[in-house]
file my_file-v5.cif (mmCIF, C-alpha atoms and all ligand atoms)
data_entry
#
loop_
_atom_site.label_atom_id
_atom_site.label_comp_id
_atom_site.auth_asym_id
_atom_site.auth_seq_id
_atom_site.Cartn_x
_atom_site.Cartn_y
_atom_site.Cartn_z
CA MET H 17 -5.41 -15.41 -16.60
CA ASP H 18 -7.43 -13.74 -19.36
CA ASP H 19 -6.47 -10.08 -19.37
CA ARG H 20 -9.58 -9.11 -21.34
CA ASN H 21 -11.74 -10.39 -18.51
CA ALA H 22 -13.68 -7.38 -17.23
CA ASP H 23 -13.49 -8.42 -13.56
CA VAL H 24 -9.67 -8.42 -13.55
CA GLU H 25 -8.53 -5.49 -11.44
CA GLN H 26 -5.38 -4.14 -9.85
CA THR H 27 -5.01 -2.98 -6.26
CA LEU H 28 -2.31 -1.27 -4.23
CA VAL H 29 -0.92 -3.07 -1.19
CA LEU H 30 1.47 -1.47 1.29
CA ILE H 31 3.24 -3.40 4.00
CA LYS H 32 3.39 -0.63 6.55
CA PRO H 33 6.49 0.21 8.68
CA ASP H 34 5.27 -1.96 11.61
CA GLY H 35 5.03 -4.96 9.29
CA LEU H 36 8.59 -4.46 8.01
CA LYS H 37 10.10 -3.71 11.43
CA ARG H 38 8.48 -6.81 12.95
CA SER H 39 9.69 -9.06 10.09
CA LEU H 40 6.14 -9.85 9.00
CA THR H 41 6.72 -9.30 5.27
CA GLY H 42 6.88 -13.01 4.43
CA ASN H 43 3.89 -13.87 6.60
CA ILE H 44 1.77 -11.13 5.01
CA ILE H 45 2.74 -12.07 1.46
CA ALA H 46 2.05 -15.74 2.27
CA LEU H 47 -1.49 -14.86 3.40
CA LEU H 48 -2.02 -12.95 0.14
CA SER H 49 -0.70 -15.84 -1.95
CA HIS H 50 -3.15 -17.52 -4.30
CA PRO H 51 -2.91 -18.51 -7.98
CA ASP H 52 -5.44 -15.73 -8.78
CA ASN H 53 -3.43 -13.06 -6.93
CA MET H 54 -0.58 -12.01 -9.19
CA ILE H 55 2.10 -9.56 -8.08
CA VAL H 56 2.72 -7.19 -11.01
CA ALA H 57 4.92 -4.63 -9.21
CA VAL H 58 6.95 -4.49 -6.00
CA LYS H 59 9.46 -2.09 -4.43
CA LEU H 60 10.70 -0.67 -1.15
CA VAL H 61 9.94 3.01 -0.66
CA LYS H 62 11.45 5.53 1.75
CA VAL H 63 8.28 7.45 2.46
CA THR H 64 8.37 11.25 2.29
CA ARG H 65 5.91 13.46 4.14
CA GLU H 66 4.53 14.66 0.80
CA LEU H 67 3.78 11.07 -0.30
CA ALA H 68 2.27 10.12 3.08
CA GLU H 69 0.04 13.23 3.08
CA LYS H 70 -1.15 12.58 -0.48
CA HIS H 71 -1.88 8.94 0.36
CA TYR H 72 -3.98 9.83 3.41
CA SER H 73 -5.37 13.18 2.17
CA HIS H 74 -8.96 11.92 2.66
CA LEU H 75 -8.31 11.61 6.43
CA LYS H 76 -6.91 15.12 6.93
CA HIS H 77 -9.84 16.13 9.14
CA LYS H 78 -9.44 13.14 11.51
CA PRO H 79 -8.01 13.66 15.02
CA PHE H 80 -5.48 10.84 14.48
CA TYR H 81 -4.26 12.24 11.12
CA GLU H 82 -0.90 13.66 12.27
CA ASP H 83 -0.02 10.50 14.23
CA LEU H 84 -1.06 8.38 11.23
CA ILE H 85 1.33 10.34 8.99
CA ARG H 86 4.13 9.90 11.55
CA PHE H 87 3.35 6.17 11.70
CA LEU H 88 3.60 5.85 7.90
CA LEU H 89 6.83 7.89 8.00
CA GLY H 90 8.23 5.26 10.34
CA GLU H 91 8.58 7.32 13.52
CA TRP H 92 7.99 4.22 15.70
CA HIS H 93 9.34 1.53 13.37
CA THR H 94 11.32 2.10 10.16
CA ASN H 95 11.06 4.68 7.40
CA ARG H 96 10.34 2.04 4.79
CA VAL H 97 7.21 0.69 3.23
CA MET H 98 6.92 -2.22 0.79
CA ALA H 99 4.61 -1.26 -2.04
CA LEU H 100 3.05 -3.89 -4.27
CA VAL H 101 0.47 -4.00 -7.03
CA TYR H 102 -1.66 -7.14 -7.13
CA GLU H 103 -3.75 -8.13 -10.10
CA GLY H 104 -6.58 -10.63 -10.36
CA PRO H 105 -10.33 -11.14 -10.59
CA ASN H 106 -12.20 -9.06 -8.02
CA ILE H 107 -8.85 -8.55 -6.31
CA ILE H 108 -9.71 -5.27 -4.57
CA GLN H 109 -12.48 -6.78 -2.48
CA ARG H 110 -10.74 -10.12 -1.97
CA ILE H 111 -7.58 -8.50 -0.57
CA ARG H 112 -9.71 -6.25 1.67
CA GLU H 113 -11.26 -9.40 3.11
CA ILE H 114 -7.94 -11.19 3.61
CA SER H 115 -6.60 -8.02 5.31
CA GLY H 116 -9.51 -7.65 7.72
CA ALA H 117 -11.22 -4.75 9.44
CA THR H 118 -9.39 -1.43 9.93
CA ASN H 119 -9.42 -1.78 13.71
CA PRO H 120 -7.22 -4.80 14.51
CA GLU H 121 -9.30 -5.55 17.60
CA GLU H 122 -12.37 -5.93 15.38
CA ALA H 123 -10.61 -7.80 12.56
CA LYS H 124 -11.30 -11.52 12.21
CA PRO H 125 -8.58 -13.53 13.99
CA ASP H 126 -7.51 -15.28 10.78
CA SER H 127 -7.18 -12.01 8.82
CA ILE H 128 -3.82 -10.25 8.42
CA ARG H 129 -4.84 -7.39 10.69
CA GLY H 130 -6.49 -9.76 13.16
CA LYS H 131 -3.30 -11.82 13.40
CA TYR H 132 -0.68 -9.08 13.39
CA GLY H 133 -2.29 -5.70 14.04
CA ARG H 134 -2.27 -3.82 17.32
CA ILE H 135 -3.19 -0.41 18.66
CA HIS H 136 -0.34 1.96 19.51
CA SER H 137 -0.73 2.64 23.21
CA LYS H 138 0.72 6.19 23.06
CA THR H 139 -1.32 7.55 20.16
CA GLY H 140 -4.22 5.14 19.62
CA VAL H 141 -3.26 4.74 15.94
CA TYR H 142 -4.22 1.38 14.50
CA GLU H 143 -0.92 -0.29 13.62
CA ASN H 144 -2.55 -2.71 11.23
CA VAL H 145 0.51 -3.75 9.15
CA ILE H 146 -1.15 -3.55 5.72
CA HIS H 147 -2.83 -1.02 3.49
CA CYS H 148 -4.98 -2.14 0.58
CA SER H 149 -7.12 -0.03 -1.73
CA ALA H 150 -10.80 0.20 -0.76
CA ASN H 151 -12.40 0.42 -4.24
CA ASP H 152 -11.53 0.78 -7.93
CA ILE H 153 -11.35 4.58 -7.84
CA ASP H 154 -8.92 4.54 -4.89
CA ALA H 155 -6.93 1.69 -6.46
CA GLU H 156 -6.26 3.65 -9.65
CA LYS H 157 -5.39 6.81 -7.72
CA GLU H 158 -3.10 4.98 -5.30
CA ILE H 159 -1.31 2.86 -7.93
CA LYS H 160 -0.57 6.07 -9.87
CA LEU H 161 0.65 7.78 -6.69
CA TRP H 162 3.08 5.01 -5.66
CA PHE H 163 4.25 3.66 -9.03
CA GLU H 164 5.39 4.91 -12.42
CA PRO H 165 4.01 2.92 -15.37
CA TYR H 166 7.44 1.41 -16.20
CA GLU H 167 7.62 -0.19 -12.73
CA ILE H 168 4.52 -2.32 -13.38
CA VAL H 169 4.83 -5.42 -15.58
CA ASN H 170 1.16 -5.32 -16.65
CA ILE H 171 0.05 -1.77 -17.37
CA ARG H 172 -3.75 -1.42 -17.17
CA PHE H 173 -4.19 2.36 -17.16
CA PRO H 174 -3.55 4.70 -20.13
CA VAL H 175 -0.01 6.07 -20.45
CA GLN H 176 1.57 8.90 -22.38
CA TYR H 177 5.12 9.34 -23.61
CA VAL H 178 6.84 12.54 -22.54
CA VAL H 179 10.28 13.74 -23.63
CA GLU H 180 12.05 15.34 -20.68
CA GLU H 181 15.61 16.25 -19.76
CA ARG H 182 16.61 15.39 -16.23
CA THR H 183 19.52 14.14 -14.13
CA VAL H 184 19.22 10.54 -12.99
CA MET H 185 21.46 8.40 -10.76
CA ARG H 186 23.26 5.58 -12.58
CA TRP H 187 26.00 3.12 -11.57
CA LYS H 188 29.48 4.65 -11.88
CA THR H 189 31.46 3.25 -14.83
P1 LIG H 201 -8.39 1.25 5.84
O1 LIG H 201 -6.87 1.23 5.96
O2 LIG H 201 -9.02 0.00 6.40
O3 LIG H 201 -8.84 1.57 4.44
P2 LIG H 201 -8.95 4.03 6.57
O4 LIG H 201 -10.24 4.53 7.16
O5 LIG H 201 -8.64 4.39 5.15
O6 LIG H 201 -8.92 2.43 6.78
O7 LIG H 201 -7.80 4.56 7.51
C1 LIG H 201 -6.44 4.55 7.11
C2 LIG H 201 -5.58 4.09 8.26
O8 LIG H 201 -5.71 5.01 9.37
C3 LIG H 201 -5.97 2.75 8.87
O9 LIG H 201 -5.46 1.63 8.16
C4 LIG H 201 -5.40 2.85 10.26
O10 LIG H 201 -3.99 2.62 10.27
C5 LIG H 201 -5.67 4.32 10.62
N1 LIG H 201 -6.96 4.53 11.28
C6 LIG H 201 -8.19 4.54 10.71
N2 LIG H 201 -9.16 4.82 11.59
C7 LIG H 201 -8.53 4.97 12.78
C8 LIG H 201 -9.02 5.28 14.11
O11 LIG H 201 -10.22 5.46 14.38
N3 LIG H 201 -8.08 5.37 15.10
C9 LIG H 201 -6.75 5.18 14.86
N4 LIG H 201 -6.25 4.90 13.63
C10 LIG H 201 -7.13 4.80 12.59
MG MG H 202 -8.54 3.33 3.29
#
call {"tool": "encode", "arguments": {"input": "my_file-v5.cif", "output": "structure tokens"}}
result
Amino acid sequence: MDDRNADVEQTLVLIKPDGLKRSLTGNIIALLSHPDNMIVAVKLVKVTRELAEKHYSHLKHKPFYEDLIRFLLGEWHTNRVMALVYEGPNIIQRIREISGATNPEEAKPDSIRGKYGRIHSKTGVYENVIHCSANDIDAEKEIKLWFEPYEIVNIRFPVQYVVEERTVMRWKT
């Protein structure tokens, strides 16, 4: 793929706690698989409340906000999320289409959310198994929220080098 191509973008994908708990990871990644859709970063994240609140800060005023945060924190499934960065031409919109509409009942039956999503009967939260960035502004913000530059094999946003002293966990020798 030509990296200088202007329509090459990166997008953030999260396999949400319901997707992990229900062993849907492979199925979801298979539906996202295409030679033009390159995974350039992947990791499992134990989601903190601070991270969940930053990720969904634009929905703070919604009545389902608190239940949505608890869903992302894994209250009903598992406190893990798989975070990935995909890169490719027009990838933001293409992955939105493969994922399907926000409401799993309205999502096309062959989309990821149409196949695997459901509505939590207790809270009404859409358990729609995948998050994907909605546009280029969100994609940049979300990639920078979930990943450090060194975790991504193809860095597309400007970086800076900072000297800092801190304690890090290493294997015991
Ligand atoms: P998106 O994930 O398709 O971009 P957003 O509006 O950003 O949709 O909402 C974020 C997440 O909040 C959704 O994926 C879904 O899990 C949940 N959500 C959105 N709208 C509703 C709603 O009306 N009722 C219940 N849950 C919702
Ligand atoms: Mg969104």
call {"tool": "residues_near_ligand", "arguments": {"input": "my_file-v5.cif", "ligand": "ligand MG 202 (chain H)", "cutoff": "8 Å", "atoms": "only C-alpha atoms and all ligand atoms", "output": "PyMOL selection string"}}
result
chain H and resi 72+147-150
call {"tool": "residues_near_ligand", "arguments": {"input": "my_file-v5.cif", "ligand": "ligand LIG 201 (chain H)", "cutoff": "10 Å", "atoms": "all atoms listed in the file", "output": "MDAnalysis selection string"}}
result
chainID H and resid 30 32 71:75 78:81 83:85 87:88 112 115:120 129 133:136 139:151 154
call {"tool": "atom_distance", "arguments": {"input": "my_file-v5.cif", "atom1": "atom CA of Met54 of chain H", "atom2": "atom CA of Gly104 of chain H"}}
result
6.3 Å
call {"tool": "closest_residue", "arguments": {"input": "my_file-v5.cif", "among": "H:Val58, H:Val178, H:Val101, H:Ile44", "to": "Leu28 of chain H", "atoms": "only C-alpha atoms"}}
result
H:Val101
call {"tool": "axis_aligned_box", "arguments": {"input": "my_file-v5.cif", "around": "segment 64-70 of chain H", "padding_each_side": "6 Å", "output": "AutoDock Vina command-line options"}}
result
--center_x 3.6 --center_y 12.4 --center_z 1.8 --size_x 21.5 --size_y 16.5 --size_z 16.6
call {"tool": "atom_distance", "arguments": {"input": "my_file-v5.cif", "atom1": "atom CA of Ile55 of chain H", "atom2": "atom CA of Tyr102 of chain H"}}
result
4.6 Å
call {"tool": "closest_residue", "arguments": {"input": "my_file-v5.cif", "among": "H:Val97, H:Asp34, H:Tyr177, H:Ala155", "to": "Leu67 of chain H", "atoms": "all atoms listed in the file"}}
result
H:Val97
call {"tool": "closest_residue", "arguments": {"input": "my_file-v5.cif", "among": "H:Val179, H:Leu89, H:Ala57, H:Met185", "to": "Val29 of chain H", "atoms": "all atoms listed in the file"}}
result
H:Ala57
call {"tool": "atom_distance", "arguments": {"input": "my_file-v5.cif", "atom1": "atom CA of Glu25 of chain H", "atom2": "atom CA of Glu156 of chain H"}}
result
9.6 Å
call {"tool": "closest_residue", "arguments": {"input": "my_file-v5.cif", "among": "H:Arg86, H:Lys124, H:His50, H:Lys157", "to": "Thr64 of chain H", "atoms": "all atoms listed in the file"}}
result
H:Arg86
call {"tool": "closest_residue", "arguments": {"input": "my_file-v5.cif", "among": "H:Glu66, H:Asp152, H:Asp52, H:Glu167", "to": "Glu103 of chain H", "atoms": "all atoms listed in the file"}}
result
H:Asp52
call {"tool": "closest_residue", "arguments": {"input": "my_file-v5.cif", "among": "H:Asn43, H:Asn53, H:Glu181, H:Leu36", "to": "Arg110 of chain H", "atoms": "only C-alpha atoms"}}
result
H:Asn53
call {"tool": "residues_around", "arguments": {"input": "my_file-v5.cif", "residues": "Val61 of chain H", "least_positions_apart": "6", "cutoff": "7 Å", "atoms": "only C-alpha atoms", "output": "compact mmCIF listing (two decimals) with C-alpha atoms, keeping the file's coordinate frame"}}
result
# COMPACT_ATOMS: atom_id res chain seq x y z
CA ARG H 96 10.34 2.04 4.79
CA VAL H 97 7.21 0.69 3.23
CA MET H 98 6.92 -2.22 0.79
CA ALA H 99 4.61 -1.26 -2.04
